[in-house]
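Below: protein_33.txt (compact mmCIF, C-alpha atoms)
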# COMPACT_ATOMS: atom_id res chain seq x y z
CA MET A 1 0.00 0.00 0.00
CA ILE A 2 1.38 3.42 -0.97
CA ALA A 3 0.70 6.04 1.71
CA GLN A 4 1.90 9.52 2.54
CA PRO A 5 2.68 10.30 6.18
CA ASP A 6 1.13 13.56 7.31
CA SER A 7 4.03 14.53 9.57
CA VAL A 8 5.18 17.65 7.72
CA ARG A 9 3.52 20.98 7.04
CA TYR A 10 0.79 20.86 4.43
CA ILE A 11 1.89 22.04 0.96
CA GLY A 12 -0.80 22.08 -1.69
CA ARG A 13 -0.99 23.50 -5.19
CA PHE A 14 -3.21 24.47 -8.07
CA ALA A 15 -1.76 23.78 -11.51
CA PRO A 16 -3.94 25.03 -14.40
CA SER A 17 -2.96 24.79 -18.05
CA PRO A 18 -3.01 28.12 -19.95
CA THR A 19 -5.29 26.84 -22.69
CA GLY A 20 -7.94 29.43 -21.91
CA PRO A 21 -9.42 31.44 -19.04
CA LEU A 22 -10.72 29.85 -15.84
CA HIS A 23 -14.29 28.59 -16.08
CA LEU A 24 -16.57 27.73 -13.16
CA GLY A 25 -15.31 24.14 -12.95
CA SER A 26 -11.65 25.09 -12.75
CA LEU A 27 -12.30 27.87 -10.23
CA TYR A 28 -14.29 25.35 -8.18
CA THR A 29 -11.24 23.07 -8.06
CA ALA A 30 -8.95 25.97 -7.21
CA LEU A 31 -11.21 27.05 -4.36
CA ALA A 32 -11.37 23.53 -2.89
CA SER A 33 -7.58 23.19 -3.08
CA PHE A 34 -7.08 26.63 -1.51
CA LEU A 35 -9.56 26.04 1.33
CA ASP A 36 -8.07 22.66 2.12
CA ALA A 37 -4.57 24.12 2.35
CA ARG A 38 -5.52 27.16 4.41
CA SER A 39 -7.77 25.20 6.78
CA HIS A 40 -4.71 23.07 7.60
CA GLY A 41 -2.56 26.17 8.14
CA GLY A 42 -0.62 25.10 5.05
CA ARG A 43 0.95 26.69 2.01
CA TRP A 44 -0.78 26.91 -1.36
CA LEU A 45 1.30 27.14 -4.51
CA LEU A 46 0.35 28.19 -8.03
CA ARG A 47 1.97 26.45 -10.98
CA ILE A 48 1.20 27.10 -14.64
CA ASP A 49 1.35 23.80 -16.52
CA ASP A 50 2.40 25.21 -19.87
CA LEU A 51 4.26 22.27 -21.43
CA ASP A 52 1.60 21.52 -24.06
CA THR A 53 2.63 24.44 -26.25
CA PRO A 54 0.32 23.66 -29.22
CA ARG A 55 -2.71 24.12 -26.92
CA ASN A 56 -1.48 27.16 -25.00
CA VAL A 57 -3.40 30.38 -25.63
CA ALA A 58 -1.60 33.72 -25.61
CA GLY A 59 -2.50 35.75 -22.53
CA ALA A 60 -4.32 32.86 -20.81
CA ALA A 61 -1.78 32.51 -18.00
CA GLU A 62 -2.12 36.18 -17.13
CA ARG A 63 -5.93 35.93 -17.15
CA ILE A 64 -5.82 32.90 -14.85
CA ILE A 65 -3.52 34.68 -12.43
CA ASP A 66 -5.68 37.80 -12.41
CA THR A 67 -8.85 35.76 -11.87
CA LEU A 68 -7.46 33.85 -8.89
CA PHE A 69 -6.24 37.10 -7.35
CA GLY A 70 -9.61 38.74 -7.96
CA PHE A 71 -11.38 35.94 -6.09
CA GLY A 72 -9.10 36.27 -3.08
CA LEU A 73 -7.19 33.05 -3.72
CA GLN A 74 -3.70 34.29 -2.92
CA TRP A 75 -0.83 31.86 -3.44
CA ASP A 76 2.47 31.55 -1.59
CA ASP A 77 5.92 31.95 -3.15
CA GLU A 78 6.59 32.82 -6.78
CA ILE A 79 4.44 31.35 -9.53
CA ALA A 80 6.14 28.33 -11.14
CA PHE A 81 6.06 27.64 -14.89
CA GLN A 82 6.72 24.17 -16.26
CA SER A 83 8.43 25.61 -19.32
CA GLN A 84 11.27 26.78 -17.06
CA HIS A 85 12.12 23.24 -15.93
CA LEU A 86 12.64 21.27 -19.15
CA ASP A 87 16.10 20.09 -18.08
CA GLU A 88 14.60 18.44 -14.99
CA TYR A 89 12.08 16.45 -17.03
CA ALA A 90 14.85 15.37 -19.41
CA ALA A 91 16.94 14.23 -16.44
CA ALA A 92 14.00 12.17 -15.13
CA ILE A 93 13.62 10.51 -18.54
CA GLU A 94 17.33 9.69 -18.53
CA ARG A 95 17.08 8.07 -15.10
CA LEU A 96 14.32 5.81 -16.41
CA ARG A 97 16.30 5.08 -19.57
CA GLU A 98 19.42 4.09 -17.62
CA ARG A 99 17.35 1.52 -15.71
CA GLY A 100 15.91 0.07 -18.91
CA LEU A 101 12.36 1.05 -17.97
CA ILE A 102 11.35 2.93 -21.12
CA TYR A 103 11.21 2.04 -24.78
CA ARG A 104 10.51 3.66 -28.14
CA CYS A 105 6.98 3.47 -29.55
CA ILE A 106 6.12 4.34 -33.16
CA CYS A 107 2.41 3.47 -32.97
CA SER A 108 0.07 5.87 -34.71
CA ARG A 109 -3.27 7.02 -33.32
CA ALA A 110 -4.99 5.01 -36.05
CA LYS A 111 -3.22 1.84 -34.94
CA LEU A 112 -4.30 2.42 -31.35
CA ALA A 113 -7.90 3.32 -32.20
CA ASP A 114 -9.11 -0.20 -31.38
CA SER A 115 -7.48 -0.05 -27.91
CA PRO A 116 -8.32 3.45 -26.60
CA ASP A 117 -8.10 2.57 -22.91
CA ARG A 118 -5.11 0.23 -22.77
CA TYR A 119 -1.88 0.14 -24.74
CA PRO A 120 -1.53 -3.44 -26.09
CA GLY A 121 2.28 -3.37 -26.05
CA TYR A 122 2.90 -3.45 -29.80
CA CYS A 123 6.36 -1.87 -29.58
CA ARG A 124 7.48 -3.22 -26.22
CA ASN A 125 9.80 -5.86 -27.68
CA GLN A 126 10.26 -4.45 -31.19
CA ASN A 127 13.13 -1.95 -30.69
CA PRO A 128 12.02 0.46 -33.46
CA ASP A 129 14.59 2.45 -35.41
CA PRO A 130 15.39 5.60 -33.37
CA SER A 131 15.39 7.67 -36.57
CA GLN A 132 11.61 7.14 -36.84
CA ALA A 133 9.30 9.53 -35.05
CA HIS A 134 8.58 7.88 -31.71
CA ALA A 135 7.22 8.37 -28.25
CA LEU A 136 8.77 6.91 -25.11
CA ARG A 137 6.69 4.56 -22.99
CA LEU A 138 7.23 3.32 -19.46
CA ALA A 139 7.06 -0.46 -19.13
CA CYS A 140 4.53 -1.32 -16.41
CA PRO A 141 4.64 -4.50 -14.32
CA ASN A 142 1.69 -6.81 -13.86
CA GLN A 143 0.95 -5.76 -10.30
CA ASP A 144 -1.54 -3.65 -8.42
CA VAL A 145 -0.91 -0.06 -7.43
CA ARG A 146 -2.91 0.88 -4.34
CA PHE A 147 -3.56 4.16 -2.56
CA ILE A 148 -6.20 5.65 -0.30
CA ASP A 149 -7.97 8.74 -1.53
CA ARG A 150 -9.24 11.04 1.25
CA LEU A 151 -12.64 11.38 -0.42
CA GLN A 152 -13.01 8.36 -2.69
CA GLY A 153 -11.53 5.73 -0.37
CA PRO A 154 -9.23 2.78 -1.17
CA MET A 155 -8.19 2.58 -4.83
CA ARG A 156 -6.49 -0.18 -6.76
CA GLN A 157 -5.37 -0.45 -10.37
CA ASN A 158 -3.27 -2.98 -12.26
CA LEU A 159 -1.39 -0.80 -14.72
CA ALA A 160 -0.41 -3.63 -17.07
CA GLU A 161 -3.95 -4.96 -17.34
CA GLN A 162 -5.97 -1.74 -17.18
CA VAL A 163 -3.74 0.94 -18.70
CA GLY A 164 -0.73 -0.65 -20.32
CA ASP A 165 2.66 0.97 -20.79
CA PHE A 166 2.07 4.72 -20.80
CA VAL A 167 3.78 7.62 -22.54
CA VAL A 168 6.34 9.74 -20.68
CA LEU A 169 7.63 11.61 -23.75
CA ARG A 170 5.31 12.33 -26.66
CA LYS A 171 6.18 11.97 -30.34
CA ASP A 172 6.26 15.75 -30.65
CA ARG A 173 9.01 15.74 -27.95
CA ILE A 174 6.74 17.28 -25.33
CA PHE A 175 7.12 15.75 -21.89
CA ALA A 176 3.96 13.91 -20.87
CA TYR A 177 1.77 15.18 -18.05
CA GLN A 178 2.18 12.00 -16.00
CA LEU A 179 5.94 12.48 -15.77
CA ALA A 180 6.07 16.26 -15.49
CA VAL A 181 3.59 16.48 -12.62
CA ILE A 182 5.75 14.10 -10.54
CA VAL A 183 8.93 16.08 -11.16
CA ASP A 184 7.12 19.35 -10.36
CA ASP A 185 5.46 18.17 -7.15
CA CYS A 186 8.70 16.62 -5.88
CA ARG A 187 10.64 19.83 -6.58
CA GLN A 188 8.03 21.96 -4.81
CA GLY A 189 7.57 19.60 -1.88
CA VAL A 190 3.86 19.17 -2.57
CA ASN A 191 2.41 16.62 -0.15
CA HIS A 192 -1.34 17.19 -0.59
CA VAL A 193 -3.17 17.28 -3.91
CA VAL A 194 -6.82 18.29 -4.22
CA ARG A 195 -8.08 17.96 -7.79
CA GLY A 196 -10.99 16.76 -9.90
CA TYR A 197 -12.42 13.26 -9.97
CA ASP A 198 -11.64 13.08 -13.69
CA LEU A 199 -7.93 12.75 -12.78
CA LEU A 200 -8.46 9.87 -10.36
CA ASP A 201 -7.66 7.30 -13.03
CA SER A 202 -4.25 8.94 -13.61
CA THR A 203 -3.22 8.66 -9.98
CA PRO A 204 -1.98 5.03 -10.01
CA ARG A 205 0.40 5.89 -12.86
CA GLN A 206 1.75 8.79 -10.85
CA CYS A 207 2.04 6.67 -7.70
CA TYR A 208 4.07 4.14 -9.70
CA LEU A 209 6.42 6.88 -10.92
CA TYR A 210 6.86 8.13 -7.36
CA GLN A 211 7.81 4.58 -6.43
CA LEU A 212 10.39 4.38 -9.23
CA PHE A 213 11.94 7.69 -8.16
CA GLY A 214 12.04 6.64 -4.51
CA GLN A 215 9.62 9.33 -3.35
CA ALA A 216 6.44 9.15 -1.28
CA PRO A 217 3.37 10.33 -3.20
CA PRO A 218 1.16 13.12 -1.87
CA THR A 219 -2.08 12.54 -0.04
CA TYR A 220 -4.78 12.75 -2.71
CA ALA A 221 -8.34 14.07 -2.50
CA HIS A 222 -10.36 13.90 -5.72
CA ILE A 223 -13.36 16.18 -5.57
CA PRO A 224 -16.44 15.69 -7.77
CA VAL A 225 -16.53 17.43 -11.13
CA ILE A 226 -19.30 19.86 -12.00
CA VAL A 227 -21.53 18.68 -14.83
CA ASP A 228 -24.16 20.51 -16.84
CA GLY A 229 -27.75 19.45 -17.44
CA ASN A 230 -26.59 16.91 -20.02
CA GLY A 231 -24.14 15.30 -17.61
CA GLN A 232 -21.16 16.78 -19.44
CA LYS A 233 -18.20 18.02 -17.41
CA LEU A 234 -17.64 21.77 -17.48
CA SER A 235 -14.42 22.25 -19.43
CA LYS A 236 -12.74 24.39 -22.04
CA GLN A 237 -13.46 21.65 -24.59
CA SER A 238 -17.20 21.96 -23.89
CA ARG A 239 -16.89 25.76 -24.23
CA ALA A 240 -17.65 26.46 -20.58
CA ALA A 241 -17.93 30.21 -20.06
CA ALA A 242 -15.07 32.07 -18.41
CA VAL A 243 -15.76 33.25 -14.87
CA SER A 244 -15.74 36.97 -14.18
CA THR A 245 -14.87 38.84 -11.03
CA HIS A 246 -17.65 41.33 -11.85
CA SER A 247 -20.02 39.42 -9.54
CA GLY A 248 -17.26 37.62 -7.66
CA ALA A 249 -18.96 37.36 -4.27
CA ARG A 250 -22.07 35.80 -5.81
CA THR A 251 -19.91 33.31 -7.71
CA LEU A 252 -17.99 32.37 -4.57
CA TYR A 253 -21.22 31.78 -2.67
CA ARG A 254 -22.39 29.59 -5.53
CA LEU A 255 -19.15 27.60 -5.46
CA LEU A 256 -19.36 27.02 -1.71
CA CYS A 257 -22.82 25.58 -2.30
CA LEU A 258 -21.53 23.35 -5.10
CA LEU A 259 -18.81 22.14 -2.71
CA ASN A 260 -21.59 21.03 -0.32
CA GLN A 261 -20.39 23.47 2.35
CA ALA A 262 -23.88 24.90 3.02
CA PRO A 263 -22.96 28.57 3.53
CA PRO A 264 -25.69 30.39 5.50
CA PRO A 265 -28.07 32.65 3.57
CA SER A 266 -26.69 35.60 5.54
CA LEU A 267 -23.52 35.31 3.43
CA ARG A 268 -25.35 35.91 0.15
CA ASN A 269 -24.39 39.60 0.26
CA ALA A 270 -21.00 39.16 1.95
CA SER A 271 -17.74 40.39 0.49
CA ILE A 272 -15.25 38.13 -1.27
CA ALA A 273 -12.90 38.39 1.71
CA ASP A 274 -15.62 37.39 4.17
CA LEU A 275 -16.71 34.45 2.02
CA VAL A 276 -13.15 33.16 1.70
CA ASP A 277 -12.62 33.57 5.45
CA TRP A 278 -15.86 31.69 6.20
CA GLY A 279 -14.86 28.95 3.77
CA ILE A 280 -11.50 28.42 5.49
CA ARG A 281 -12.99 28.33 8.98
CA HIS A 282 -15.86 25.99 8.05
CA TRP A 283 -14.21 23.78 5.44
CA GLN A 284 -15.64 20.25 5.63
CA PRO A 285 -14.26 18.14 2.76
CA ALA A 286 -16.04 15.07 4.12
CA GLN A 287 -19.21 16.59 2.64
CA LEU A 288 -17.81 15.49 -0.75
CA SER A 289 -16.91 11.92 0.23
CA GLY A 290 -17.78 9.31 -2.34
CA VAL A 291 -19.19 11.86 -4.78
CA ALA A 292 -17.97 11.77 -8.39
CA ARG A 293 -20.19 14.42 -10.01
CA ILE A 294 -22.21 17.42 -8.91
CA SER A 295 -24.86 18.88 -11.18
CA GLN A 296 -24.87 22.61 -11.64
CA PRO A 297 -28.28 24.11 -10.77
CA VAL A 298 -29.34 27.32 -12.44
CA ALA A 299 -27.78 30.45 -11.00
CA HIS A 300 -30.99 31.83 -9.50
CA ASP A 301 -31.12 28.86 -7.09
CA TYR A 302 -28.37 30.53 -5.05
As structure tokens, how would this structure be written, given the file I've shared?
Amino acid sequence: MIAQPDSVRYIGRFAPSPTGPLHLGSLYTALASFLDARSHGGRWLLRIDDLDTPRNVAGAAERIIDTLFGFGLQWDDEIAFQSQHLDEYAAAIERLRERGLIYRCICSRAKLADSPDRYPGYCRNQNPDPSQAHALRLACPNQDVRFIDRLQGPMRQNLAEQVGDFVVLRKDRIFAYQLAVIVDDCRQGVNHVVRGYDLLDSTPRQCYLYQLFGQAPPTYAHIPVIVDGNGQKLSKQSRAAAVSTHSGARTLYRLLCLLNQAPPPSLRNASIADLVDWGIRHWQPAQLSGVARISQPVAHDY
């Protein structure tokens, strides 16, 4: 069982990608992460995950930063940018290569279309020509990875059977999220991660990488994602509207309700500062235990 001892000061983080402005779902995650850190007397870091350069949008990082600040979610330390740490990701890849744990993969998306959820291992023993465009995959053993999520409970996944060998360096030479997030969190000393339920399935892969690098993984808490009336997650891909600080206090009250925190009606006309303060003092993450999705009621219900 992989576990993280809670014997050091809480260090959490929020790590958005600058592929567009914050929408309600991403601000909801940021707020939960912030409240969890502050309620523990911990630090809360802001990292901009800007490795996926083809998807980055000019000015999005600045808009994200301004939005968080406008909603009273103030981070500690300087803002980190993944693009400033490429040498560290390359060094991590080299460590895996030296141990014979990664291999070249030349599979196209079309070839993998029949196996969207699990890599079948086509290239594992093929040793493709390095001059061909290739990704790098991490060979996964046929064994269970286990961890306990604070909200979702005990989790178990057999990487070989359920995921297959996964990519750590993409064909376009961009470091994969699964690898980069481990390097980043280790560098920053992150020991608590609060994020959306949609990332729960990625966690065993990250726990396995922590194991390979000889590091203890953070304590994880996967909060439910907000879905619309059609059951679709609010996201940039679904064209979720950007949040505005114009009616920031009303939005914060709405988010506290969506986080099942039951703010009193007397806070409906409170200031942003008062709402954030109330949220820290009354934060009850257990109200989200075992919940994967929360439907977004219409705004006038708040």
- Query: Any idea what's packed within 7 Å of range 82-85 of chain A, counting all atoms listed in the file, ignoring anything in its chain fewer than 3 positions away? Could you give it as JSON, numbers by chain?
  - Reply: {"A": [48, 49, 50, 51, 88, 89]}
- Excluding same-chain residues fewer than 5 positions from Leu200 in chain A, what lies within 12 Å of it counting all atoms listed in the file, as a list of chain:residue names? A:Phe147, A:Ile148, A:Asp149, A:Arg150, A:Leu151, A:Gln152, A:Gly153, A:Pro154, A:Met155, A:Arg156, A:Gln157, A:Val193, A:Val194, A:Arg195, A:Arg205, A:Gln206, A:Cys207, A:Tyr220, A:Ala221, A:His222, A:Ile223, A:Pro224, A:Val225, A:Ala292
- Give the answer as one residue: which of A:Val183, A:Ala30, A:Ala133, A:Ile11 has the shortest atom-to-atom distance to Ala91 in chain A, using only C-alpha atoms?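 Nearest candidate to Ala91 in chain A out of A:Val183, A:Ala30, A:Ala133, A:Ile11: A:Val183.
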- Task: Mind checking which residues fall within 8 Å of range 104-117 of chain A, counting only C-alpha atoms, ignoring those fewer than 4 positions away in the same chain, and posting them as a PyMOL selection string?
- Result: chain A and resi 122-124+127-128+130+132-137+162-163
- With distances taken over only C-alpha atoms, the candidate from A:Leu46, A:Ala160, A:Leu199, A:Val276 nearest Asp76 in chain A is A:Leu46
